[in-house]
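Structure record follows, encoded as structure tokens.
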Amino acid sequence: MTIYERLDKILPEISKKQFRENRGTGNEINFHIFDYDPKDEHIVRAHVDFLVKEMPEIKVFDLYKVMLNILKNKGYLEKVFQMEEAKGSDAIVNPIKKTLRLTMPNDLIIETIKSNVTDGNIVFLIGVGKAYPFIRSHTILNNLHSAINVPLVMFFPGTYDGLSLKLFDEIKDDNYYRAFRLIER
């Protein structure tokens, strides 16, 4: 199936009553992953823009932009740039994770999403590849499932086999079993 055929199936799928009511067949969480070949990133981005125009209840969170906004609002963005220039890219990973409070009860990424979502919304997570290695997809999904109670679709540039995530089809993430593939490949 081509990327275009798969993308064309998203709107009918997320329009279904069962999807919108946030109930799976076994009352499991309604988290889905749309995995795709990373070379199709621009095609997927354009389709996400189309879907948002079709369904205003979709709330899109670009994880990379959320991260940058938090760093900027805390006054750390310029400091991060300076540190990266002086010490290299590897030196900024842990300070950024600590600033974002990732995996902590007051995780700023999770709080940003949670505070901007209401009943009836559908959450789209994009920017997964851009946010790596600072934000890991399985970490966000694990922490969001207890924070929000609306359907969620993560657009993932790589492969999800129902058990594990492989970013860019090269970087294996920790296992994540709770999400469903939105549209089969």
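By convention in this document, the chains of the structure tokens carry letters A, B, ... by their order, each chain's residues are numbered from 1, and ligands are numbered from 1 in the order they are shown.
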Polymer residues at most 12 Å from segment 96-101 of chain A, only C-alpha atoms, same-chain spacing of 3 or more positions, as number ranges by chain:
A: 63-64, 66-77, 79-81, 83-84, 89-93, 104-112, 131-136, 139-140, 143
So which residues touch segment 46-48 of chain A within 9 Å, counting only C-alpha atoms, skipping near sequence neighbours fewer than 2 positions away, as a ChimeraX atom specification?
/A:7-8,41-44,50-53,60,124,126
Put those residues in a file: N, CA, C and O atoms, as a PDB file, in the first residue's frame.
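Listed below is the output, out03.pdb:
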```
ATOM      1  N   LEU A   7      -2.549   7.277   3.950  1.00  0.00           N
ATOM      2  CA  LEU A   7      -2.987   8.581   4.452  1.00  0.00           C
ATOM      3  C   LEU A   7      -4.466   8.820   4.186  1.00  0.00           C
ATOM      4  O   LEU A   7      -5.173   9.383   5.034  1.00  0.00           O
ATOM      5  N   ASP A   8      -4.948   8.356   3.047  1.00  0.00           N
ATOM      6  CA  ASP A   8      -6.368   8.525   2.709  1.00  0.00           C
ATOM      7  C   ASP A   8      -7.288   7.758   3.654  1.00  0.00           C
ATOM      8  O   ASP A   8      -8.479   8.062   3.739  1.00  0.00           O
ATOM      9  N   GLU A  41       8.263  12.117   5.079  1.00  0.00           N
ATOM     10  CA  GLU A  41       7.970  13.120   6.109  1.00  0.00           C
ATOM     11  C   GLU A  41       7.168  14.304   5.576  1.00  0.00           C
ATOM     12  O   GLU A  41       6.172  14.703   6.172  1.00  0.00           O
ATOM     13  N   HIS A  42       7.578  14.871   4.475  1.00  0.00           N
ATOM     14  CA  HIS A  42       6.881  16.059   3.958  1.00  0.00           C
ATOM     15  C   HIS A  42       5.469  15.739   3.470  1.00  0.00           C
ATOM     16  O   HIS A  42       4.558  16.559   3.617  1.00  0.00           O
ATOM     17  N   ILE A  43       5.288  14.567   2.937  1.00  0.00           N
ATOM     18  CA  ILE A  43       3.950  14.131   2.502  1.00  0.00           C
ATOM     19  C   ILE A  43       3.035  13.992   3.720  1.00  0.00           C
ATOM     20  O   ILE A  43       1.887  14.440   3.710  1.00  0.00           O
ATOM     21  N   VAL A  44       3.561  13.389   4.784  1.00  0.00           N
ATOM     22  CA  VAL A  44       2.787  13.194   6.010  1.00  0.00           C
ATOM     23  C   VAL A  44       2.455  14.545   6.646  1.00  0.00           C
ATOM     24  O   VAL A  44       1.319  14.782   7.059  1.00  0.00           O
ATOM     25  N   PHE A  50      -3.864  19.046   6.255  1.00  0.00           N
ATOM     26  CA  PHE A  50      -5.181  18.820   5.642  1.00  0.00           C
ATOM     27  C   PHE A  50      -6.177  18.299   6.679  1.00  0.00           C
ATOM     28  O   PHE A  50      -7.310  18.779   6.766  1.00  0.00           O
ATOM     29  N   LEU A  51      -5.770  17.321   7.480  1.00  0.00           N
ATOM     30  CA  LEU A  51      -6.668  16.729   8.473  1.00  0.00           C
ATOM     31  C   LEU A  51      -7.118  17.756   9.507  1.00  0.00           C
ATOM     32  O   LEU A  51      -8.279  17.764   9.921  1.00  0.00           O
ATOM     33  N   VAL A  52      -6.226  18.635   9.895  1.00  0.00           N
ATOM     34  CA  VAL A  52      -6.566  19.670  10.875  1.00  0.00           C
ATOM     35  C   VAL A  52      -7.627  20.615  10.303  1.00  0.00           C
ATOM     36  O   VAL A  52      -8.529  21.043  11.019  1.00  0.00           O
ATOM     37  N   LYS A  53      -7.521  20.908   9.027  1.00  0.00           N
ATOM     38  CA  LYS A  53      -8.530  21.760   8.387  1.00  0.00           C
ATOM     39  C   LYS A  53      -9.882  21.050   8.309  1.00  0.00           C
ATOM     40  O   LYS A  53     -10.933  21.681   8.411  1.00  0.00           O
ATOM     41  N   VAL A  60      -2.779  19.543  17.473  1.00  0.00           N
ATOM     42  CA  VAL A  60      -1.474  19.061  17.033  1.00  0.00           C
ATOM     43  C   VAL A  60      -0.398  19.587  17.969  1.00  0.00           C
ATOM     44  O   VAL A  60      -0.353  20.781  18.271  1.00  0.00           O
ATOM     45  N   PHE A 124      -2.837  14.851  18.052  1.00  0.00           N
ATOM     46  CA  PHE A 124      -1.848  14.406  17.072  1.00  0.00           C
ATOM     47  C   PHE A 124      -0.479  14.812  17.605  1.00  0.00           C
ATOM     48  O   PHE A 124      -0.260  15.988  17.918  1.00  0.00           O
ATOM     49  N   ILE A 126       3.361  15.111  16.526  1.00  0.00           N
ATOM     50  CA  ILE A 126       4.264  15.130  15.378  1.00  0.00           C
ATOM     51  C   ILE A 126       5.628  15.608  15.884  1.00  0.00           C
ATOM     52  O   ILE A 126       5.787  15.923  17.060  1.00  0.00           O
TER      53      ILE A 126
END
```
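Counting from atom CA of Ile183 of chain A, the distance to atom CA of Asn116 of chain A is 26.2 Å.
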Which value, in Å to one decimal, gives the distance between atom CA of Met154 of chain A and atom CA of Ile14 of chain A?
12.7 Å
